[in-house]
Amino acid sequence: MITARYHREIPQRYRLEASKCSKCGHTAFPPRLVCPECKGKTFETVKLNDEGKLITFTVVRVSSDKFSKQTPFAVGIVELNGGVKITTQITDADVDELKTGQSVKLVFRKIQDDGKAGIHCYGYKAITT
Amino acid sequence: MRDVVVIGAGMTKFGELWGQSIKDIFVEAALKAIEDAGVDHIDSMYVGAMSSGLFVGQEHLGAVMADYLGVNPIPATHVESACASGGAAFRQAFFEVASGASEIVLASGVEKMTDGADVTEVLATAADQEYEVYHGITFPGLYALIARAHMEQFGTTREQLAAVAVKNHRNGSKNPNAQFRNEVTVEQVMKSTMVADPLRLLDCSPVSDGAAAVIVASMDVAKKLKRNPIRVIASAQASDTIALHGRKTLTTLNSVVKAAEKAYKMADKKPKDMNLVEVHDCFTIAEIVATEDLGLFEKGKGGEAAANGWTSIECKMIPVNTSGGLKSKGHPVGATGIAQIIELYEQLNGTAGARQVPNAHVAMAQNMGGSGASCVIHILEVK
């Protein structure tokens, strides 16, 4: 991954920074320039709640080449406390034991390798709680 | 807007066409469409393709294909809306003729997927690269997220998902252009390799090469050429969040609902008026959700409808994917939307052979991009 691109995504990947609309209070992750709810254009930066529940998931058994060493791995949509939904891997869990509705918490993990000479790419994954 | 008609169609066989380049398959389909229409020229052309840049390293497809078709210097434009690129290209041709700017326009779609690219990675560019794909999700994975939510919310079963593949393979077995002409059983689908739980290999449309083209023209041209006028009575499109997780519900595709509302209104038709429908069954669950969101069945009943055979040609309730759908006919991404229009054209012309729906007068095509971030719907009618 190009370093500039990786660098500018760090506030979201490392610190879960989102934007809260000053007009309607909607929280958007990642931050946006236009509020999808009220079209407002002013925001304050907030940190997402890192706990929530799993609302759907799958176990990826056939992946792109970049993730082939990680298969099988679970990916799901987590609804965080506060209502923001994100897509994330669910890690440190037996993929056959996962259930929707399960409580999860986001943790900081390595997500992917950028080839032999590239950088390690980090971000959030969910663990069951 | 004036009346717009489809007067000719042509496509390659869909499949692993290793002996032909992306240019070869486009030109084959385009020449067949031009010959079928009986026109001596085209005024302009649109080429739908999802990602020729990543699949074969070639962009600027409008110019490339106009050059190789030998139609320079007419205007030629590449249209991209992920898996809905073909439908979007057709829509541009429709507007160009409807506006009176052109009389005869070629609407086409093409994709060359077997030239060595990491297909899973290329297809994933239709999702949110930074907030979905970064975490390793694939397209089968995204539709698996929808499938699990649908199964848990409405009680849709694994057998019902399999019924979609069984029906589409049965239809595809009657389509000479289909990639897979073999029938499959529910048991075979349910024992096929797991790709992304709960979706298995036989729930997924294949990796395909193929091209498809139609000639869109004014009613005046159709009359001069004495063509059976198959009118385009609705063209509608809608968008939704690029990321699946950005939606209020995972089991309804709002772009399909909104595009369908607009299409029915424009055509002054209701779901029950359709004699057949081609839907975007990139995965079995997608057909189930589409048949619900198009208003053909009540929300949550799409699985039951498939398992009860209500969508089969034989049942005559509402035949869905008579062509074999993406599942059996193949899914060369950019070509799919045009190939759907071709199925409508053949059915309404009464030339669909063993797949023919008797007395078909009105038919709809639903073409979708990504996990439903874009949807293009067309309704065609013959009187």
# chains A, B, ... in the order shown; residues from 1 in each chain; ligands from 1
call {"tool": "closest_atom_pairs", "arguments": {"of": "chain A", "to": "chain B", "cutoff": "10 Å", "atoms": "only C-alpha atoms", "output": "JSON lines"}}
result
{"residue": "A:Arg5", "atom": "CA", "partner": "B:Glu130", "partner_atom": "CA", "distance": 9.8}
{"residue": "A:Tyr6", "atom": "CA", "partner": "B:Glu130", "partner_atom": "CA", "distance": 9.8}
{"residue": "A:Glu9", "atom": "CA", "partner": "B:Glu130", "partner_atom": "CA", "distance": 8.4}
{"residue": "A:Gln12", "atom": "CA", "partner": "B:Tyr131", "partner_atom": "CA", "distance": 9.6}
{"residue": "A:Arg13", "atom": "CA", "partner": "B:Tyr131", "partner_atom": "CA", "distance": 9.3}
{"residue": "A:Ala28", "atom": "CA", "partner": "B:Gly246", "partner_atom": "CA", "distance": 9.3}
{"residue": "A:Phe29", "atom": "CA", "partner": "B:Tyr131", "partner_atom": "CA", "distance": 9.2}
{"residue": "A:Pro30", "atom": "CA", "partner": "B:Tyr131", "partner_atom": "CA", "distance": 8.1}
{"residue": "A:Pro36", "atom": "CA", "partner": "B:Thr241", "partner_atom": "CA", "distance": 9.7}
{"residue": "A:Ile55", "atom": "CA", "partner": "B:Ala149", "partner_atom": "CA", "distance": 7.7}
{"residue": "A:Thr56", "atom": "CA", "partner": "B:Leu145", "partner_atom": "CA", "distance": 5.6}
{"residue": "A:Phe57", "atom": "CA", "partner": "B:Leu145", "partner_atom": "CA", "distance": 5.4}
{"residue": "A:Thr58", "atom": "CA", "partner": "B:Asp197", "partner_atom": "CA", "distance": 5.2}
{"residue": "A:Val59", "atom": "CA", "partner": "B:Ala196", "partner_atom": "CA", "distance": 5.2}
{"residue": "A:Val60", "atom": "CA", "partner": "B:Ala196", "partner_atom": "CA", "distance": 4.6}
{"residue": "A:Arg61", "atom": "CA", "partner": "B:Val195", "partner_atom": "CA", "distance": 5.2}
{"residue": "A:Val62", "atom": "CA", "partner": "B:Val195", "partner_atom": "CA", "distance": 5.4}
{"residue": "A:Ser63", "atom": "CA", "partner": "B:Thr138", "partner_atom": "CA", "distance": 6.4}
{"residue": "A:Ser64", "atom": "CA", "partner": "B:Thr120", "partner_atom": "CA", "distance": 5.1}
{"residue": "A:Asp65", "atom": "CA", "partner": "B:Asp118", "partner_atom": "CA", "distance": 6.9}
{"residue": "A:Lys66", "atom": "CA", "partner": "B:Gly136", "partner_atom": "CA", "distance": 8.3}
{"residue": "A:Phe67", "atom": "CA", "partner": "B:Gly136", "partner_atom": "CA", "distance": 6.2}
{"residue": "A:Ser68", "atom": "CA", "partner": "B:Gly136", "partner_atom": "CA", "distance": 9.3}
{"residue": "A:Gln70", "atom": "CA", "partner": "B:Gly136", "partner_atom": "CA", "distance": 9.1}
{"residue": "A:Thr71", "atom": "CA", "partner": "B:Gly136", "partner_atom": "CA", "distance": 9.6}
{"residue": "A:Pro72", "atom": "CA", "partner": "B:Ala196", "partner_atom": "CA", "distance": 9.0}
{"residue": "A:Phe73", "atom": "CA", "partner": "B:Gly136", "partner_atom": "CA", "distance": 8.6}
{"residue": "A:Ala74", "atom": "CA", "partner": "B:Ile137", "partner_atom": "CA", "distance": 9.0}
{"residue": "A:Val75", "atom": "CA", "partner": "B:Ile137", "partner_atom": "CA", "distance": 6.6}
{"residue": "A:Gly76", "atom": "CA", "partner": "B:Leu145", "partner_atom": "CA", "distance": 7.1}
{"residue": "A:Ile77", "atom": "CA", "partner": "B:His245", "partner_atom": "CA", "distance": 6.2}
{"residue": "A:Val78", "atom": "CA", "partner": "B:His245", "partner_atom": "CA", "distance": 8.3}
{"residue": "A:Glu79", "atom": "CA", "partner": "B:His245", "partner_atom": "CA", "distance": 8.8}
{"residue": "A:Val84", "atom": "CA", "partner": "B:Gly246", "partner_atom": "CA", "distance": 8.4}
{"residue": "A:Lys85", "atom": "CA", "partner": "B:His245", "partner_atom": "CA", "distance": 5.6}
{"residue": "A:Ile86", "atom": "CA", "partner": "B:His245", "partner_atom": "CA", "distance": 5.7}
{"residue": "A:Thr87", "atom": "CA", "partner": "B:Glu132", "partner_atom": "CA", "distance": 5.7}
{"residue": "A:Thr88", "atom": "CA", "partner": "B:His135", "partner_atom": "CA", "distance": 5.9}
{"residue": "A:Gln89", "atom": "CA", "partner": "B:His135", "partner_atom": "CA", "distance": 6.3}
{"residue": "A:Thr100", "atom": "CA", "partner": "B:Ala149", "partner_atom": "CA", "distance": 8.9}
{"residue": "A:Ile111", "atom": "CA", "partner": "B:His135", "partner_atom": "CA", "distance": 6.5}
{"residue": "A:Gln112", "atom": "CA", "partner": "B:His135", "partner_atom": "CA", "distance": 8.0}
{"residue": "A:Cys121", "atom": "CA", "partner": "B:Tyr134", "partner_atom": "CA", "distance": 9.3}
{"residue": "A:Tyr122", "atom": "CA", "partner": "B:Tyr134", "partner_atom": "CA", "distance": 9.9}
{"residue": "A:Gly123", "atom": "CA", "partner": "B:His135", "partner_atom": "CA", "distance": 8.8}
{"residue": "A:Tyr124", "atom": "CA", "partner": "B:His135", "partner_atom": "CA", "distance": 8.9}
{"residue": "A:Lys125", "atom": "CA", "partner": "B:His135", "partner_atom": "CA", "distance": 8.5}
call {"tool": "write_last_selection", "arguments": {"atoms": "N, CA and C atoms", "output": "tab-separated table (two decimals), in the first residue's frame"}}
result
chain	number	residue	atom	x	y	z
A	5	ARG	N	-1.28	6.91	1.48
A	5	ARG	CA	-2.66	6.45	1.67
A	5	ARG	C	-2.82	5.81	3.04
A	6	TYR	N	-1.85	4.96	3.38
A	6	TYR	CA	-1.91	4.29	4.67
A	6	TYR	C	-1.89	5.31	5.80
A	9	GLU	N	-5.09	7.17	6.60
A	9	GLU	CA	-6.18	6.37	7.18
A	9	GLU	C	-5.93	6.01	8.64
A	12	GLN	N	-8.51	6.66	11.58
A	12	GLN	CA	-9.65	5.73	11.65
A	12	GLN	C	-9.19	4.33	12.08
A	13	ARG	N	-8.10	3.87	11.46
A	13	ARG	CA	-7.68	2.49	11.72
A	13	ARG	C	-7.13	2.30	13.14
A	28	ALA	N	-20.72	9.66	11.67
A	28	ALA	CA	-20.32	8.96	10.44
A	28	ALA	C	-18.92	8.40	10.59
A	29	PHE	N	-18.76	7.13	10.23
A	29	PHE	CA	-17.44	6.51	10.22
A	29	PHE	C	-17.27	5.79	8.90
A	30	PRO	N	-16.24	6.13	8.12
A	30	PRO	CA	-15.25	7.19	8.36
A	30	PRO	C	-15.88	8.57	8.28
A	36	PRO	N	-24.65	12.30	5.79
A	36	PRO	CA	-25.60	11.55	4.97
A	36	PRO	C	-27.05	11.69	5.44
A	55	ILE	N	-23.82	-8.43	14.13
A	55	ILE	CA	-25.18	-8.56	13.58
A	55	ILE	C	-25.26	-9.53	12.39
A	56	THR	N	-24.15	-9.77	11.73
A	56	THR	CA	-24.08	-10.85	10.74
A	56	THR	C	-22.61	-11.16	10.51
A	57	PHE	N	-22.32	-12.36	10.02
A	57	PHE	CA	-20.92	-12.69	9.77
A	57	PHE	C	-20.83	-13.81	8.75
A	58	THR	N	-19.63	-13.99	8.22
A	58	THR	CA	-19.34	-15.10	7.33
A	58	THR	C	-17.95	-15.60	7.65
A	59	VAL	N	-17.63	-16.78	7.15
A	59	VAL	CA	-16.26	-17.28	7.25
A	59	VAL	C	-15.72	-17.34	5.82
A	60	VAL	N	-14.77	-16.47	5.53
A	60	VAL	CA	-14.18	-16.43	4.19
A	60	VAL	C	-13.21	-17.60	4.05
A	61	ARG	N	-13.54	-18.52	3.14
A	61	ARG	CA	-12.68	-19.69	2.93
A	61	ARG	C	-11.90	-19.58	1.63
A	62	VAL	N	-12.39	-18.75	0.71
A	62	VAL	CA	-11.68	-18.46	-0.54
A	62	VAL	C	-11.52	-16.94	-0.58
A	63	SER	N	-10.27	-16.48	-0.54
A	63	SER	CA	-10.03	-15.04	-0.44
A	63	SER	C	-9.26	-14.55	-1.65
A	64	SER	N	-8.99	-13.24	-1.68
A	64	SER	CA	-8.06	-12.73	-2.68
A	64	SER	C	-6.67	-13.23	-2.29
A	65	ASP	N	-5.73	-13.15	-3.22
A	65	ASP	CA	-4.37	-13.67	-2.98
A	65	ASP	C	-3.76	-13.06	-1.71
A	66	LYS	N	-4.03	-11.77	-1.50
A	66	LYS	CA	-3.43	-11.04	-0.38
A	66	LYS	C	-3.79	-11.65	0.97
A	67	PHE	N	-4.99	-12.23	1.07
A	67	PHE	CA	-5.45	-12.77	2.36
A	67	PHE	C	-5.40	-14.30	2.41
A	68	SER	N	-4.81	-14.93	1.36
A	68	SER	CA	-4.94	-16.39	1.26
A	68	SER	C	-4.25	-17.13	2.41
A	70	GLN	N	-4.42	-16.27	5.43
A	70	GLN	CA	-5.23	-16.11	6.64
A	70	GLN	C	-6.47	-17.00	6.65
A	71	THR	N	-6.84	-17.60	5.50
A	71	THR	CA	-8.10	-18.34	5.44
A	71	THR	C	-8.02	-19.61	6.29
A	72	PRO	N	-9.13	-20.08	6.88
A	72	PRO	CA	-10.42	-19.40	6.91
A	72	PRO	C	-10.41	-18.31	7.98
A	73	PHE	N	-11.07	-17.19	7.69
A	73	PHE	CA	-11.18	-16.14	8.71
A	73	PHE	C	-12.60	-15.59	8.71
A	74	ALA	N	-13.03	-15.14	9.88
A	74	ALA	CA	-14.40	-14.64	10.02
A	74	ALA	C	-14.42	-13.13	9.80
A	75	VAL	N	-15.39	-12.68	9.02
A	75	VAL	CA	-15.63	-11.25	8.83
A	75	VAL	C	-17.11	-11.00	9.12
A	76	GLY	N	-17.38	-9.92	9.79
A	76	GLY	CA	-18.78	-9.64	10.09
A	76	GLY	C	-19.07	-8.16	10.11
A	77	ILE	N	-20.33	-7.84	10.31
A	77	ILE	CA	-20.72	-6.45	10.53
A	77	ILE	C	-21.05	-6.32	12.02
A	78	VAL	N	-20.38	-5.36	12.65
A	78	VAL	CA	-20.57	-5.11	14.08
A	78	VAL	C	-21.31	-3.79	14.24
A	79	GLU	N	-22.36	-3.82	15.05
A	79	GLU	CA	-23.03	-2.57	15.42
A	79	GLU	C	-22.45	-2.13	16.76
A	84	VAL	N	-23.15	3.07	15.23
A	84	VAL	CA	-22.35	3.00	14.00
A	84	VAL	C	-22.05	1.53	13.67
A	85	LYS	N	-22.21	1.17	12.40
A	85	LYS	CA	-21.91	-0.20	11.96
A	85	LYS	C	-20.62	-0.22	11.15
A	86	ILE	N	-19.79	-1.23	11.39
A	86	ILE	CA	-18.54	-1.37	10.65
A	86	ILE	C	-18.34	-2.82	10.23
A	87	THR	N	-17.53	-3.01	9.18
A	87	THR	CA	-17.13	-4.35	8.76
A	87	THR	C	-15.76	-4.64	9.36
A	88	THR	N	-15.61	-5.80	9.95
A	88	THR	CA	-14.34	-6.14	10.59
A	88	THR	C	-14.16	-7.65	10.67
A	89	GLN	N	-12.90	-8.07	10.77
A	89	GLN	CA	-12.66	-9.49	11.06
A	89	GLN	C	-12.98	-9.76	12.53
A	100	THR	N	-24.64	-14.72	15.78
A	100	THR	CA	-25.07	-13.33	15.68
A	100	THR	C	-25.64	-12.91	17.03
A	111	ILE	N	-3.62	-6.29	10.10
A	111	ILE	CA	-4.70	-6.70	9.20
A	111	ILE	C	-4.15	-7.42	7.97
A	112	GLN	N	-3.11	-6.85	7.38
A	112	GLN	CA	-2.57	-7.45	6.16
A	112	GLN	C	-1.11	-7.07	5.98
A	121	CYS	N	0.24	-3.58	7.64
A	121	CYS	CA	-0.92	-2.70	7.74
A	121	CYS	C	-1.77	-3.12	8.94
A	122	TYR	N	-2.01	-2.17	9.82
A	122	TYR	CA	-2.72	-2.46	11.07
A	122	TYR	C	-4.12	-1.87	11.07
A	123	GLY	N	-4.86	-2.17	12.11
A	123	GLY	CA	-6.20	-1.63	12.24
A	123	GLY	C	-6.96	-2.39	13.31
A	124	TYR	N	-8.28	-2.33	13.24
A	124	TYR	CA	-9.11	-2.97	14.27
A	124	TYR	C	-9.62	-4.34	13.82
A	125	LYS	N	-9.72	-5.23	14.79
A	125	LYS	CA	-10.46	-6.49	14.61
A	125	LYS	C	-11.32	-6.65	15.85
call {"tool": "residues_around", "arguments": {"residues": "range 24-28 of chain B", "least_positions_apart": "4", "cutoff": "8 Å", "atoms": "only C-alpha atoms", "output": "PyMOL selection string"}}
result
chain B and resi 11-12+20+32+65+68-69+109-110+210-212
call {"tool": "write_last_selection", "arguments": {"atoms": "N, CA and C atoms", "output": "tab-separated table (two decimals), in the first residue's frame"}}
result
chain	number	residue	atom	x	y	z
B	11	MET	N	-24.52	-11.90	-29.19
B	11	MET	CA	-23.60	-12.14	-28.08
B	11	MET	C	-22.69	-13.31	-28.39
B	12	THR	N	-21.56	-13.33	-27.69
B	12	THR	CA	-20.69	-14.50	-27.78
B	12	THR	C	-21.25	-15.55	-26.84
B	20	GLN	N	-9.73	-16.14	-27.54
B	20	GLN	CA	-10.15	-14.83	-28.04
B	20	GLN	C	-9.79	-13.72	-27.05
B	32	LYS	N	-22.62	-9.33	-34.76
B	32	LYS	CA	-23.85	-10.13	-34.75
B	32	LYS	C	-25.07	-9.24	-34.53
B	65	MET	N	-12.67	-0.16	-28.88
B	65	MET	CA	-13.65	-1.01	-29.55
B	65	MET	C	-14.19	-0.37	-30.83
B	68	TYR	N	-11.52	-1.20	-33.42
B	68	TYR	CA	-11.50	-2.59	-33.90
B	68	TYR	C	-12.80	-3.01	-34.58
B	69	LEU	N	-13.90	-2.30	-34.28
B	69	LEU	CA	-15.16	-2.58	-34.98
B	69	LEU	C	-15.17	-1.88	-36.34
B	109	GLY	N	-21.70	-4.63	-23.83
B	109	GLY	CA	-20.99	-4.90	-22.59
B	109	GLY	C	-19.98	-5.99	-22.84
B	110	VAL	N	-18.88	-5.94	-22.13
B	110	VAL	CA	-17.82	-6.93	-22.34
B	110	VAL	C	-17.01	-7.10	-21.06
B	210	GLY	N	-16.93	-12.84	-21.97
B	210	GLY	CA	-18.09	-12.75	-22.85
B	210	GLY	C	-18.39	-11.32	-23.23
B	211	ALA	N	-19.13	-11.20	-24.32
B	211	ALA	CA	-19.56	-9.89	-24.78
B	211	ALA	C	-20.99	-10.00	-25.30
B	212	ALA	N	-21.71	-8.89	-25.20
B	212	ALA	CA	-23.09	-8.85	-25.66
B	212	ALA	C	-23.37	-7.46	-26.20
call {"tool": "closest_residue", "arguments": {"among": "A:Val46, A:Ile2, A:Cys21, A:Leu16", "to": "Val34 in chain A", "atoms": "only C-alpha atoms"}}
result
A:Cys21
call {"tool": "residues_around", "arguments": {"residues": "Lys327 in chain B", "least_positions_apart": "3", "cutoff": "7 Å", "atoms": "only C-alpha atoms", "output": "mmCIF file with N, CA and C atoms, in the first residue's frame"}}
result
data_model
loop_
_atom_site.group_PDB
_atom_site.id
_atom_site.type_symbol
_atom_site.label_atom_id
_atom_site.label_comp_id
_atom_site.auth_asym_id
_atom_site.auth_seq_id
_atom_site.Cartn_x
_atom_site.Cartn_y
_atom_site.Cartn_z
ATOM 1 N N ALA B 165 -30.240 -22.118 -7.629
ATOM 2 C CA ALA B 165 -29.188 -22.632 -8.521
ATOM 3 C C ALA B 165 -29.709 -23.776 -9.387
ATOM 4 N N ASN B 168 -31.905 -22.282 -12.125
ATOM 5 C CA ASN B 168 -31.149 -21.527 -13.126
ATOM 6 C C ASN B 168 -30.286 -22.440 -13.997
ATOM 7 N N CYS B 204 -22.666 -19.546 -6.332
ATOM 8 C CA CYS B 204 -21.944 -18.400 -6.905
ATOM 9 C C CYS B 204 -21.971 -18.442 -8.426
ATOM 10 N N SER B 205 -22.128 -17.250 -9.045
ATOM 11 C CA SER B 205 -21.970 -17.167 -10.498
ATOM 12 C C SER B 205 -20.486 -17.353 -10.807
ATOM 13 N N PRO B 206 -20.180 -17.819 -12.023
ATOM 14 C CA PRO B 206 -18.782 -18.153 -12.334
ATOM 15 C C PRO B 206 -17.965 -16.963 -12.826
ATOM 16 N N ASP B 281 -28.634 -12.483 -10.370
ATOM 17 C CA ASP B 281 -28.345 -13.570 -9.417
ATOM 18 C C ASP B 281 -26.858 -13.864 -9.359
ATOM 19 N N CYS B 282 -26.047 -12.883 -8.999
ATOM 20 C CA CYS B 282 -24.607 -13.135 -8.857
ATOM 21 C C CYS B 282 -24.381 -14.216 -7.801
ATOM 22 N N GLY B 324 -31.001 -18.722 -17.680
ATOM 23 C CA GLY B 324 -30.057 -19.456 -16.839
ATOM 24 C C GLY B 324 -29.441 -18.517 -15.803
ATOM 25 N N GLY B 330 -23.456 -17.566 -17.022
ATOM 26 C CA GLY B 330 -22.134 -16.974 -16.845
ATOM 27 C C GLY B 330 -22.261 -15.499 -16.526
#
call {"tool": "select_by_dssp", "arguments": {"residues": "range 10-249 of chain B", "states": "strand (DSSP E)", "output": "VMD selection string"}}
result
chain B and resid 10 to 11 44 to 48 76 to 79 104 to 112 194 to 196 199 to 200 209 to 218 230 to 239
call {"tool": "atom_distance", "arguments": {"atom1": "CA of Ile242 in chain B", "atom2": "CA of Ile377 in chain B"}}
result
18.5 Å
call {"tool": "closest_residue", "arguments": {"among": "B:Ser52, B:Asn182, B:Thr125, B:Ser371", "to": "Asn254 in chain B", "atoms": "only C-alpha atoms"}}
result
B:Ser371
call {"tool": "residues_around", "arguments": {"residues": "Val382 in chain B", "least_positions_apart": "4", "cutoff": "12 Å", "atoms": "only C-alpha atoms", "output": "tab-separated table (two decimals) with N, CA and C atoms, in the first residue's frame"}}
result
chain	number	residue	atom	x	y	z
B	4	VAL	N	-38.39	4.37	-28.02
B	4	VAL	CA	-37.10	3.73	-28.29
B	4	VAL	C	-37.32	2.23	-28.39
B	5	VAL	N	-36.72	1.61	-29.38
B	5	VAL	CA	-36.91	0.17	-29.56
B	5	VAL	C	-35.57	-0.55	-29.69
B	6	VAL	N	-35.61	-1.84	-29.37
B	6	VAL	CA	-34.44	-2.70	-29.59
B	6	VAL	C	-34.70	-3.46	-30.87
B	7	ILE	N	-33.76	-3.36	-31.85
B	7	ILE	CA	-34.03	-3.98	-33.15
B	7	ILE	C	-33.02	-5.07	-33.52
B	227	ARG	N	-38.96	-4.00	-38.58
B	227	ARG	CA	-38.60	-4.83	-37.43
B	227	ARG	C	-39.79	-4.90	-36.47
B	228	ASN	N	-39.91	-6.05	-35.82
B	228	ASN	CA	-40.88	-6.22	-34.75
B	228	ASN	C	-40.51	-5.22	-33.65
B	229	PRO	N	-41.34	-4.18	-33.39
B	229	PRO	CA	-40.90	-3.14	-32.46
B	229	PRO	C	-40.98	-3.56	-30.99
B	230	ILE	N	-39.83	-3.82	-30.42
B	230	ILE	CA	-39.77	-4.16	-29.00
B	230	ILE	C	-39.37	-2.89	-28.27
B	231	ARG	N	-40.37	-2.27	-27.64
B	231	ARG	CA	-40.17	-0.95	-27.04
B	231	ARG	C	-39.54	-1.02	-25.66
B	232	VAL	N	-38.70	-0.04	-25.37
B	232	VAL	CA	-38.15	0.12	-24.03
B	232	VAL	C	-39.12	1.04	-23.30
B	233	ILE	N	-39.95	0.47	-22.41
B	233	ILE	CA	-40.99	1.29	-21.80
B	233	ILE	C	-40.59	1.82	-20.42
B	274	MET	N	-45.65	-8.45	-15.35
B	274	MET	CA	-44.45	-9.00	-15.99
B	274	MET	C	-44.67	-10.46	-16.39
B	275	ASN	N	-44.30	-10.79	-17.61
B	275	ASN	CA	-44.39	-12.18	-18.06
B	275	ASN	C	-43.12	-12.96	-17.75
B	344	LEU	N	-34.53	-10.77	-22.80
B	344	LEU	CA	-35.85	-10.14	-22.92
B	344	LEU	C	-36.24	-10.02	-24.40
B	345	TYR	N	-35.28	-9.57	-25.20
B	345	TYR	CA	-35.49	-9.37	-26.64
B	345	TYR	C	-35.90	-10.68	-27.32
B	346	GLU	N	-35.18	-11.75	-27.00
B	346	GLU	CA	-35.50	-13.05	-27.62
B	346	GLU	C	-36.86	-13.56	-27.14
B	347	GLN	N	-37.11	-13.42	-25.85
B	347	GLN	CA	-38.41	-13.89	-25.33
B	347	GLN	C	-39.57	-13.12	-25.96
B	348	LEU	N	-39.41	-11.80	-26.08
B	348	LEU	CA	-40.50	-10.98	-26.62
B	348	LEU	C	-40.65	-11.17	-28.12
B	349	ASN	N	-39.56	-11.58	-28.77
B	349	ASN	CA	-39.60	-11.88	-30.20
B	349	ASN	C	-40.14	-13.29	-30.47
B	350	GLY	N	-40.22	-14.09	-29.40
B	350	GLY	CA	-40.67	-15.47	-29.56
B	350	GLY	C	-39.60	-16.37	-30.14
B	359	ASN	N	-46.54	-16.55	-25.00
B	359	ASN	CA	-47.25	-15.26	-24.97
B	359	ASN	C	-46.57	-14.18	-24.12
B	360	ALA	N	-45.25	-14.11	-24.21
B	360	ALA	CA	-44.54	-13.08	-23.43
B	360	ALA	C	-44.66	-11.74	-24.12
B	361	HIS	N	-45.21	-10.75	-23.39
B	361	HIS	CA	-45.38	-9.40	-23.94
B	361	HIS	C	-44.61	-8.33	-23.18
B	362	VAL	N	-44.44	-8.55	-21.87
B	362	VAL	CA	-43.76	-7.56	-21.04
B	362	VAL	C	-42.70	-8.28	-20.20
B	363	ALA	N	-41.48	-7.71	-20.20
B	363	ALA	CA	-40.40	-8.37	-19.47
B	363	ALA	C	-39.49	-7.32	-18.85
call {"tool": "closest_residue", "arguments": {"among": "B:Phe55, B:His378, B:Thr157, B:Val189", "to": "Gln92 in chain B", "atoms": "only C-alpha atoms"}}
result
B:His378
call {"tool": "residues_around", "arguments": {"residues": "Val256 in chain B", "least_positions_apart": "6", "cutoff": "12 Å", "atoms": "only C-alpha atoms", "output": "MDAnalysis selection string"}}
result
chainID B and resid 84 236:240 262:264 279:280 286:287 289:295 365:369 371:378
call {"tool": "closest_residue", "arguments": {"among": "A:Gly25, A:Gly115, A:Pro31, A:Gly82", "to": "Asp50 in chain A", "atoms": "only C-alpha atoms"}}
result
A:Gly82
